[in-house]
Amino acid sequence: MPKKSTADPYYFEISLSVLNHLGRNLYRSFITVLGEAISNAWDADATNVKIYLDTDKNTMVIKDDGLGMTKGDFQDKFLKIGYSKRKGSNRSLKKKRPFIGRKGIGKLALLSCAEKITIVSKVSRGQYVGGVIDNSGLDKAITDDLTTREYPLQKWKPAMLKPYTKNHTHGTIIFFEGINDGVKHSEAFLKKTIALYFRFSLLDKSFNIFLNDEKITTSCLEDLARKTEFLWVINDIIDPYVKHLKSIFPAKQSESRKLKVKGGIKGFIASVEKPRDLKITTTDERVGVDLFVNGRLREKDILKHMPTARVVESYLYGQIHCNGLDDKVDRFTSSRESIVADDPKFAEVINALKTTILNEVLKDWDKWRRKHRKQGDSENMSITKKQRKSEELYNVVAEEYTIPNDKKSAKSIDTWVSDLAEDARFNFSSYAECFISENLIRRFITETKEPLTKEAKAAIAQYQKREKESKGRGNISINLRKSNSKLSYLAMDELANLVDKKDKAKAASLSRDASEYKPMRDAVAHTALLTDGAKSKLTTVYENINGRLRTLFTAFQENKKK
C-alpha cells in the first residue's frame with residue numbers, strides 16, 4: 001500500500017461489525033423484523049404483501065408487488081446503510097402514502113431473524129437483481145475485520161425462488177431460511193399479530209396482507225373481540241375492528257363511550273372480561289395498549305409510561321394513533337421498537353392520555369364492572385369499602401340464580417337480580433353491622449356480669465317458648481343456637497337496656513338509639529327492601545350506636561386497668 005501523504009483526504013472506513021451492532025444485535029422482536037419488510041412494501045406503493053410460512057422447512061417468504069428496485073436502487077439505496085428515502089419527499093412516488101421508513105437502517109433487522117436471507121427485486125419490464133446474505137459467512141467476515149466492500153453478497157438461485165417469481169411482474173421477494181424464533185409460532189398467532197400490529201393494512205383498502213394466501217382481516221381478532229367487555233372510542237376513530245366491536249356489543253350487553261382529547265390523538269381502549277383473555281395463545285406475549293404512528297406500531301404497552309398500579313390495567317388493550325409524532329424531528333429509537341422517552345412531544349401525548357383518557361377509563365371501568373355484577377376496582381372510592389364488599393358478596397350469591405339453558409327465563413331472572421343489587425349492597429352491610437354490634441354487646445354483658453332485668457328475663461322466656469313451638473312444627477330436634485346463653489335471644493334494644501339505660505328525655509344513650517334502630521333492624525333481618533328515608537335513618541342511628549359502643553368499651557378497658 002502506498003504511503004499516505006498528509007495532503008491526501010481522510011475518510012471513514014466502515015467495518016462489517018457495524019451490521020452486527022445495528023442489525024442482528026439491535027432488533028429483539030420478531031414483529032419488528034416482520035414490520036420492516038411490510039413497511040418497505042408500503043413505502044414502495046405495493047398493493048399486496050404475501051407471506052408464506054413453512055414451519056416444517058423453517059422458512060418464510062415475504063413477497064410484494066411494489067415498484068421494485070433496479071440494480072442501482074439495490075446497491076445505492078437498499079444496501080446503503082443509512083440511506084433515507086425521505087430526502088426528496090415524505091410520501092411515496094405513486095400512491096402518495098406517508099413514508100414509514102426513516103433512518104435507513106431498518107433493513108438490517110432482516111439479518112437478525114434467520115441464518116440466510118435471499119433478497120431479489122425487479123421493476124416493471126426489468127430483470128431481477130439481488131443477492132444472498134449468509135449470516136455464517138458474515139460472522140467470519142466480521143471476525144476477519146473485513147470492510148463492506150470486501151464482503152460481496154452471494155449469488156441467488158433462481159430455481160429456489162421459482163414458485164414465487166412466477167407471474168411476479170414487479171416488486172420484492174425476501175426468502176428467509178433457518179428462522180431463529182418467529183417461525184416457531186403458530187400460523188394463528190401470526191395472523192392475530194399481523195392484524196393487531198399492522199393497522200394500515202386494515203385501514204387502507206389499497207394495501208393488503210396475506211398469510212399463506214389468507215387475507216388478514218378483523219376476523220383474525222374474533223376471539224379477542226368476543227372477550228371484549230367495554231370500549232372507549234377516542235376522537236371518533238374510523239377503524240373496522242372498532243366497528244365490529246360495536247356490532248357485537250348489543251348482544252353482549254356491553255358498555256361503550258366516546259372520549260375527546262386534544263393533541264391529534266385518535267384510537268380506542270378496550271377491556272376484556274378476564275386478564276388472561278389478553279394472552280396470545282401458545283406464547284408469553286399479551287395484547288396491550290400500543291402506540292401507532294402512520295399506521296405503524298411504534299411502541300408496545302404505553303401504559304408503562306403512566307403506571308397507576310390499579311387492577312384495571314391488567315384488563316386493558318387498545319391502540320393510540322398519533323401521526324403528529326412523525327415530523328421533522330426523528331424521535332424513534334434506532335431499534336424502531338420505541339420512542340425516545342424524554343421527547344417533549346411524546347411527553348405531551350402521554351400526559352394527555354393520562355389526565356384525560358386514562359382517568360375516565362378508570363372511573364367507567366369500575367362503574368360498569370359493578371353494574372354487570374363483577375368485581376371492580378377496590379381502590380376506586382366512589383363507594384365505601386363496606387359497600388363494595390357487600391356488593392361483591394351479593395354478586396357471588398346472585399350467580400347461583402342463573403338459568404344457563406333457558407335464555408328467556410334467564411333474562412327475566414337476571415333483570416330481577418340486577419334490580420336487587422343496590423338494595424342488597426345496603427342490606428348486606430347493614431346486617432353485618434347488626435351481627436357484629438349485637439354480638440359484641442352480648443360479650444360485653446357477659447364480661448361485665450351485668451344482671452338480667454325482670455323485663456329481659458320475661459322477653460327471653462317468651463322467645464324460648466316461640467322457638468320451641470316453631471321447632472316442633474318444623475320437626476326440628478337439633479340445637480339452633482351455638483351458645484346456650486340466654487343473651488342470644490335478646491335483640492339490640494333489649495341488650496341496650498342492660499348496659500346503658502338512661503332517661504331518654506335527658507341524655508343520649510345506647511338504649512335510646514336502639515329503640516330507633518329496632519324497626520329498621522327488624523326489616524333488614526326479614527330481608528325487606530328499605531325506603532331511602534329508612535336507609536338514611538338506619539345509617540345515622542348505627543353511627544350513633546357505633547360511637548356509643550366505642551365509649552362503653554373504652555371505659556370498660558380503663559376500669560380493668562385500675
# chains A, B, ... in the order shown; residues from 1 in each chain; ligands from 1
>>> residues_around(residues="range 130-139 of chain A", least_positions_apart="2", cutoff="8 Å", atoms="only C-alpha atoms", output="PDB file with N, CA and C atoms, in the first residue's frame")
ATOM      1  N   LEU A  16     -17.649  -4.388   8.885  1.00  0.00           N
ATOM      2  CA  LEU A  16     -18.888  -5.180   8.842  1.00  0.00           C
ATOM      3  C   LEU A  16     -19.482  -5.395  10.238  1.00  0.00           C
ATOM      4  N   LYS A  71     -30.875  -2.248 -10.486  1.00  0.00           N
ATOM      5  CA  LYS A  71     -29.559  -2.597  -9.958  1.00  0.00           C
ATOM      6  C   LYS A  71     -28.983  -1.434  -9.155  1.00  0.00           C
ATOM      7  N   PHE A  74     -30.834  -1.062  -5.815  1.00  0.00           N
ATOM      8  CA  PHE A  74     -30.467  -2.108  -4.851  1.00  0.00           C
ATOM      9  C   PHE A  74     -29.112  -1.797  -4.212  1.00  0.00           C
ATOM     10  N   LEU A 111     -31.471  -9.211   9.081  1.00  0.00           N
ATOM     11  CA  LEU A 111     -30.340 -10.077   9.405  1.00  0.00           C
ATOM     12  C   LEU A 111     -30.508 -10.785  10.735  1.00  0.00           C
ATOM     13  N   ALA A 114     -32.836 -14.873  10.794  1.00  0.00           N
ATOM     14  CA  ALA A 114     -32.652 -16.110  10.020  1.00  0.00           C
ATOM     15  C   ALA A 114     -31.170 -16.367   9.755  1.00  0.00           C
ATOM     16  N   GLU A 115     -30.860 -17.605   9.432  1.00  0.00           N
ATOM     17  CA  GLU A 115     -29.477 -17.966   9.125  1.00  0.00           C
ATOM     18  C   GLU A 115     -29.060 -17.430   7.756  1.00  0.00           C
ATOM     19  N   LYS A 116     -29.988 -17.439   6.800  1.00  0.00           N
ATOM     20  CA  LYS A 116     -29.673 -16.996   5.446  1.00  0.00           C
ATOM     21  C   LYS A 116     -30.860 -16.227   4.880  1.00  0.00           C
ATOM     22  N   ILE A 117     -30.591 -15.096   4.229  1.00  0.00           N
ATOM     23  CA  ILE A 117     -31.651 -14.251   3.666  1.00  0.00           C
ATOM     24  C   ILE A 117     -31.337 -13.983   2.190  1.00  0.00           C
ATOM     25  N   THR A 118     -32.291 -14.317   1.343  1.00  0.00           N
ATOM     26  CA  THR A 118     -32.171 -14.016  -0.082  1.00  0.00           C
ATOM     27  C   THR A 118     -33.106 -12.863  -0.414  1.00  0.00           C
ATOM     28  N   ILE A 119     -32.584 -11.822  -1.066  1.00  0.00           N
ATOM     29  CA  ILE A 119     -33.383 -10.651  -1.419  1.00  0.00           C
ATOM     30  C   ILE A 119     -33.254 -10.403  -2.921  1.00  0.00           C
ATOM     31  N   VAL A 120     -34.400 -10.437  -3.629  1.00  0.00           N
ATOM     32  CA  VAL A 120     -34.398 -10.115  -5.063  1.00  0.00           C
ATOM     33  C   VAL A 120     -35.511  -9.126  -5.340  1.00  0.00           C
ATOM     34  N   SER A 121     -35.317  -8.312  -6.375  1.00  0.00           N
ATOM     35  CA  SER A 121     -36.309  -7.295  -6.694  1.00  0.00           C
ATOM     36  C   SER A 121     -36.241  -6.961  -8.184  1.00  0.00           C
ATOM     37  N   TYR A 128     -34.576  -9.329 -12.486  1.00  0.00           N
ATOM     38  CA  TYR A 128     -34.335  -9.421 -11.055  1.00  0.00           C
ATOM     39  C   TYR A 128     -32.888  -9.052 -10.726  1.00  0.00           C
ATOM     40  N   ALA A 141     -16.589 -12.926   8.188  1.00  0.00           N
ATOM     41  CA  ALA A 141     -16.098 -11.649   7.657  1.00  0.00           C
ATOM     42  C   ALA A 141     -15.891 -10.641   8.776  1.00  0.00           C
ATOM     43  N   ILE A 142     -16.788 -10.672   9.777  1.00  0.00           N
ATOM     44  CA  ILE A 142     -16.654  -9.773  10.927  1.00  0.00           C
ATOM     45  C   ILE A 142     -15.437 -10.150  11.753  1.00  0.00           C
ATOM     46  N   THR A 143     -15.219 -11.452  11.928  1.00  0.00           N
ATOM     47  CA  THR A 143     -14.053 -11.934  12.676  1.00  0.00           C
ATOM     48  C   THR A 143     -12.767 -11.512  11.977  1.00  0.00           C
ATOM     49  N   TYR A 151     -16.803  -7.801   1.378  1.00  0.00           N
ATOM     50  CA  TYR A 151     -17.745  -8.897   1.600  1.00  0.00           C
ATOM     51  C   TYR A 151     -18.934  -8.730   0.655  1.00  0.00           C
ATOM     52  N   LEU A 153     -22.292  -9.770  -1.535  1.00  0.00           N
ATOM     53  CA  LEU A 153     -23.402 -10.704  -1.337  1.00  0.00           C
ATOM     54  C   LEU A 153     -23.222 -11.906  -2.262  1.00  0.00           C
ATOM     55  N   GLN A 154     -23.689 -13.051  -1.820  1.00  0.00           N
ATOM     56  CA  GLN A 154     -23.636 -14.254  -2.641  1.00  0.00           C
ATOM     57  C   GLN A 154     -24.691 -14.185  -3.746  1.00  0.00           C
ATOM     58  N   LYS A 155     -24.490 -14.968  -4.791  1.00  0.00           N
ATOM     59  CA  LYS A 155     -25.461 -15.014  -5.880  1.00  0.00           C
ATOM     60  C   LYS A 155     -26.683 -15.810  -5.464  1.00  0.00           C
ATOM     61  N   TRP A 156     -27.842 -15.373  -5.905  1.00  0.00           N
ATOM     62  CA  TRP A 156     -29.083 -16.066  -5.561  1.00  0.00           C
ATOM     63  C   TRP A 156     -29.388 -17.134  -6.609  1.00  0.00           C
TER      64      TRP A 156
END
>>> residues_around(residues="Asn427 in chain A", least_positions_apart="4", cutoff="7 Å", atoms="only C-alpha atoms", output="list of chain:residue names")
A:Asp423, A:Tyr431, A:Val524
>>> closest_atom_pairs(of="range 244-350 of chain A", to="range 210-221 of chain A", cutoff="12 Å", atoms="only C-alpha atoms", output="tab-separated table")
residue	atom	partner	partner_atom	distance
A:His244	CA	A:Thr218	CA	7.9
A:Leu245	CA	A:Thr218	CA	10.0
A:Asp277	CA	A:Leu221	CA	12.0
A:Leu278	CA	A:Leu221	CA	11.4
A:Ile280	CA	A:Leu221	CA	10.6
A:Val287	CA	A:Leu221	CA	11.1
>>> select_by_dssp(residues="range 54-180 of chain A", states="strand (DSSP E or B)", output="VMD selection string")
chain A and resid 54 59 to 64 91 98 114 to 122 129 to 134 147 154 171 to 179
>>> write_last_selection(atoms="N, CA and C atoms", output="compact mmCIF listing (two decimals), in the first residue's frame")
# COMPACT_ATOMS: atom_id res chain seq x y z
N ASP A 54 -43.58 -21.77 6.17
CA ASP A 54 -43.45 -23.23 6.13
C ASP A 54 -42.76 -23.67 7.41
N THR A 59 -38.92 -22.01 7.04
CA THR A 59 -38.66 -20.92 6.10
C THR A 59 -39.84 -19.95 6.07
N MET A 60 -39.57 -18.75 5.56
CA MET A 60 -40.63 -17.76 5.37
C MET A 60 -40.28 -16.90 4.15
N VAL A 61 -41.30 -16.57 3.39
CA VAL A 61 -41.12 -15.72 2.23
C VAL A 61 -42.05 -14.51 2.37
N ILE A 62 -41.51 -13.32 2.10
CA ILE A 62 -42.33 -12.11 2.07
C ILE A 62 -42.21 -11.54 0.66
N LYS A 63 -43.33 -11.49 -0.03
CA LYS A 63 -43.36 -11.08 -1.44
C LYS A 63 -44.32 -9.91 -1.60
N ASP A 64 -43.88 -8.85 -2.31
CA ASP A 64 -44.78 -7.72 -2.55
C ASP A 64 -44.81 -7.36 -4.02
N ARG A 91 -43.51 11.34 1.02
CA ARG A 91 -44.58 10.46 0.55
C ARG A 91 -44.09 9.62 -0.63
N PRO A 98 -47.83 8.25 3.20
CA PRO A 98 -46.78 8.77 4.10
C PRO A 98 -45.73 7.70 4.35
N ALA A 114 -32.84 -14.87 10.79
CA ALA A 114 -32.65 -16.11 10.02
C ALA A 114 -31.17 -16.37 9.76
N GLU A 115 -30.86 -17.60 9.43
CA GLU A 115 -29.48 -17.97 9.12
C GLU A 115 -29.06 -17.43 7.76
N LYS A 116 -29.99 -17.44 6.80
CA LYS A 116 -29.67 -17.00 5.45
C LYS A 116 -30.86 -16.23 4.88
N ILE A 117 -30.59 -15.10 4.23
CA ILE A 117 -31.65 -14.25 3.67
C ILE A 117 -31.34 -13.98 2.19
N THR A 118 -32.29 -14.32 1.34
CA THR A 118 -32.17 -14.02 -0.08
C THR A 118 -33.11 -12.86 -0.41
N ILE A 119 -32.58 -11.82 -1.07
CA ILE A 119 -33.38 -10.65 -1.42
C ILE A 119 -33.25 -10.40 -2.92
N VAL A 120 -34.40 -10.44 -3.63
CA VAL A 120 -34.40 -10.11 -5.06
C VAL A 120 -35.51 -9.13 -5.34
N SER A 121 -35.32 -8.31 -6.38
CA SER A 121 -36.31 -7.29 -6.69
C SER A 121 -36.24 -6.96 -8.18
N LYS A 122 -37.36 -6.51 -8.73
CA LYS A 122 -37.39 -6.11 -10.13
C LYS A 122 -38.42 -5.01 -10.33
N VAL A 129 -32.75 -8.31 -9.65
CA VAL A 129 -31.43 -8.01 -9.09
C VAL A 129 -31.48 -8.42 -7.62
N GLY A 130 -30.33 -8.73 -7.05
CA GLY A 130 -30.33 -9.09 -5.65
C GLY A 130 -29.19 -10.01 -5.28
N GLY A 131 -29.29 -10.59 -4.12
CA GLY A 131 -28.23 -11.47 -3.64
C GLY A 131 -28.62 -12.15 -2.35
N VAL A 132 -27.65 -12.87 -1.77
CA VAL A 132 -27.88 -13.69 -0.57
C VAL A 132 -26.94 -13.23 0.54
N ILE A 133 -27.51 -13.07 1.73
CA ILE A 133 -26.71 -12.76 2.92
C ILE A 133 -26.72 -14.00 3.80
N ASP A 134 -25.56 -14.61 3.95
CA ASP A 134 -25.43 -15.81 4.79
C ASP A 134 -24.79 -15.37 6.11
N THR A 147 -14.03 -5.01 5.49
CA THR A 147 -14.88 -3.86 5.23
C THR A 147 -16.08 -4.32 4.40
N GLN A 154 -23.69 -13.05 -1.82
CA GLN A 154 -23.64 -14.25 -2.64
C GLN A 154 -24.69 -14.18 -3.75
N GLY A 171 -41.71 -5.85 -8.04
CA GLY A 171 -41.77 -5.90 -6.58
C GLY A 171 -40.55 -6.59 -6.01
N THR A 172 -40.64 -6.93 -4.73
CA THR A 172 -39.50 -7.50 -3.99
C THR A 172 -39.90 -8.82 -3.33
N ILE A 173 -38.96 -9.76 -3.30
CA ILE A 173 -39.15 -11.04 -2.64
C ILE A 173 -38.01 -11.25 -1.65
N ILE A 174 -38.35 -11.58 -0.42
CA ILE A 174 -37.34 -11.87 0.61
C ILE A 174 -37.58 -13.28 1.11
N PHE A 175 -36.56 -14.10 1.02
CA PHE A 175 -36.66 -15.52 1.40
C PHE A 175 -35.78 -15.76 2.63
N PHE A 176 -36.40 -16.20 3.72
CA PHE A 176 -35.68 -16.45 4.97
C PHE A 176 -35.52 -17.96 5.16
N GLU A 177 -34.29 -18.39 5.37
CA GLU A 177 -34.02 -19.80 5.65
C GLU A 177 -33.46 -19.95 7.06
N GLY A 178 -33.96 -20.94 7.78
CA GLY A 178 -33.47 -21.15 9.15
C GLY A 178 -33.89 -20.04 10.08
N ILE A 179 -35.21 -19.81 10.15
CA ILE A 179 -35.73 -18.75 11.04
C ILE A 179 -35.33 -19.06 12.48
>>> residues_around(residues="Lys345 in chain A", least_positions_apart="5", cutoff="12 Å", atoms="only C-alpha atoms", output="PyMOL selection string")
chain A and resi 263-264+322-327+329-332+339-340+350-352
>>> decode(residues="range 465-482 of chain A", atoms="N, CA and C atoms", output="PDB file, in the first residue's frame")
ATOM      1  N   LYS A 465     -90.123 -19.872  74.264  1.00  0.00           N
ATOM      2  CA  LYS A 465     -91.377 -20.584  74.028  1.00  0.00           C
ATOM      3  C   LYS A 465     -91.715 -20.602  72.532  1.00  0.00           C
ATOM      4  N   ARG A 466     -91.556 -19.441  71.872  1.00  0.00           N
ATOM      5  CA  ARG A 466     -91.831 -19.355  70.428  1.00  0.00           C
ATOM      6  C   ARG A 466     -90.899 -20.279  69.633  1.00  0.00           C
ATOM      7  N   GLU A 467     -89.662 -20.315  70.059  1.00  0.00           N
ATOM      8  CA  GLU A 467     -88.705 -21.156  69.341  1.00  0.00           C
ATOM      9  C   GLU A 467     -89.055 -22.632  69.483  1.00  0.00           C
ATOM     10  N   LYS A 468     -89.449 -23.032  70.700  1.00  0.00           N
ATOM     11  CA  LYS A 468     -89.811 -24.431  70.935  1.00  0.00           C
ATOM     12  C   LYS A 468     -91.006 -24.838  70.078  1.00  0.00           C
ATOM     13  N   GLU A 469     -92.001 -23.954  70.023  1.00  0.00           N
ATOM     14  CA  GLU A 469     -93.187 -24.238  69.219  1.00  0.00           C
ATOM     15  C   GLU A 469     -92.843 -24.296  67.729  1.00  0.00           C
ATOM     16  N   SER A 470     -91.991 -23.387  67.312  1.00  0.00           N
ATOM     17  CA  SER A 470     -91.587 -23.336  65.907  1.00  0.00           C
ATOM     18  C   SER A 470     -90.797 -24.575  65.512  1.00  0.00           C
ATOM     19  N   LYS A 471     -89.912 -25.046  66.384  1.00  0.00           N
ATOM     20  CA  LYS A 471     -89.121 -26.249  66.098  1.00  0.00           C
ATOM     21  C   LYS A 471     -90.014 -27.485  66.040  1.00  0.00           C
ATOM     22  N   GLY A 472     -91.037 -27.473  66.884  1.00  0.00           N
ATOM     23  CA  GLY A 472     -91.965 -28.609  66.861  1.00  0.00           C
ATOM     24  C   GLY A 472     -92.715 -28.681  65.543  1.00  0.00           C
ATOM     25  N   ARG A 473     -93.212 -27.529  65.095  1.00  0.00           N
ATOM     26  CA  ARG A 473     -93.928 -27.512  63.815  1.00  0.00           C
ATOM     27  C   ARG A 473     -93.018 -27.885  62.646  1.00  0.00           C
ATOM     28  N   GLY A 474     -91.746 -27.546  62.775  1.00  0.00           N
ATOM     29  CA  GLY A 474     -90.807 -27.846  61.699  1.00  0.00           C
ATOM     30  C   GLY A 474     -90.124 -29.190  61.847  1.00  0.00           C
ATOM     31  N   ASN A 475     -90.500 -29.956  62.879  1.00  0.00           N
ATOM     32  CA  ASN A 475     -89.925 -31.283  63.110  1.00  0.00           C
ATOM     33  C   ASN A 475     -88.396 -31.196  63.234  1.00  0.00           C
ATOM     34  N   ILE A 476     -87.934 -30.185  63.982  1.00  0.00           N
ATOM     35  CA  ILE A 476     -86.503 -29.977  64.170  1.00  0.00           C
ATOM     36  C   ILE A 476     -86.134 -30.297  65.612  1.00  0.00           C
ATOM     37  N   SER A 477     -85.149 -31.169  65.772  1.00  0.00           N
ATOM     38  CA  SER A 477     -84.743 -31.580  67.125  1.00  0.00           C
ATOM     39  C   SER A 477     -83.321 -31.144  67.464  1.00  0.00           C
ATOM     40  N   ILE A 478     -82.604 -30.559  66.517  1.00  0.00           N
ATOM     41  CA  ILE A 478     -81.226 -30.127  66.776  1.00  0.00           C
ATOM     42  C   ILE A 478     -81.214 -28.735  67.411  1.00  0.00           C
ATOM     43  N   ASN A 479     -80.087 -28.411  68.049  1.00  0.00           N
ATOM     44  CA  ASN A 479     -79.930 -27.077  68.608  1.00  0.00           C
ATOM     45  C   ASN A 479     -79.691 -26.069  67.478  1.00  0.00           C
ATOM     46  N   LEU A 480     -80.301 -24.905  67.580  1.00  0.00           N
ATOM     47  CA  LEU A 480     -80.162 -23.893  66.553  1.00  0.00           C
ATOM     48  C   LEU A 480     -79.109 -22.844  66.910  1.00  0.00           C
ATOM     49  N   ARG A 481     -78.970 -22.596  68.190  1.00  0.00           N
ATOM     50  CA  ARG A 481     -78.060 -21.530  68.625  1.00  0.00           C
ATOM     51  C   ARG A 481     -76.756 -22.129  69.140  1.00  0.00           C
ATOM     52  N   LYS A 482     -75.656 -21.542  68.653  1.00  0.00           N
ATOM     53  CA  LYS A 482     -74.342 -22.039  69.022  1.00  0.00           C
ATOM     54  C   LYS A 482     -74.107 -21.940  70.527  1.00  0.00           C
TER      55      LYS A 482
END
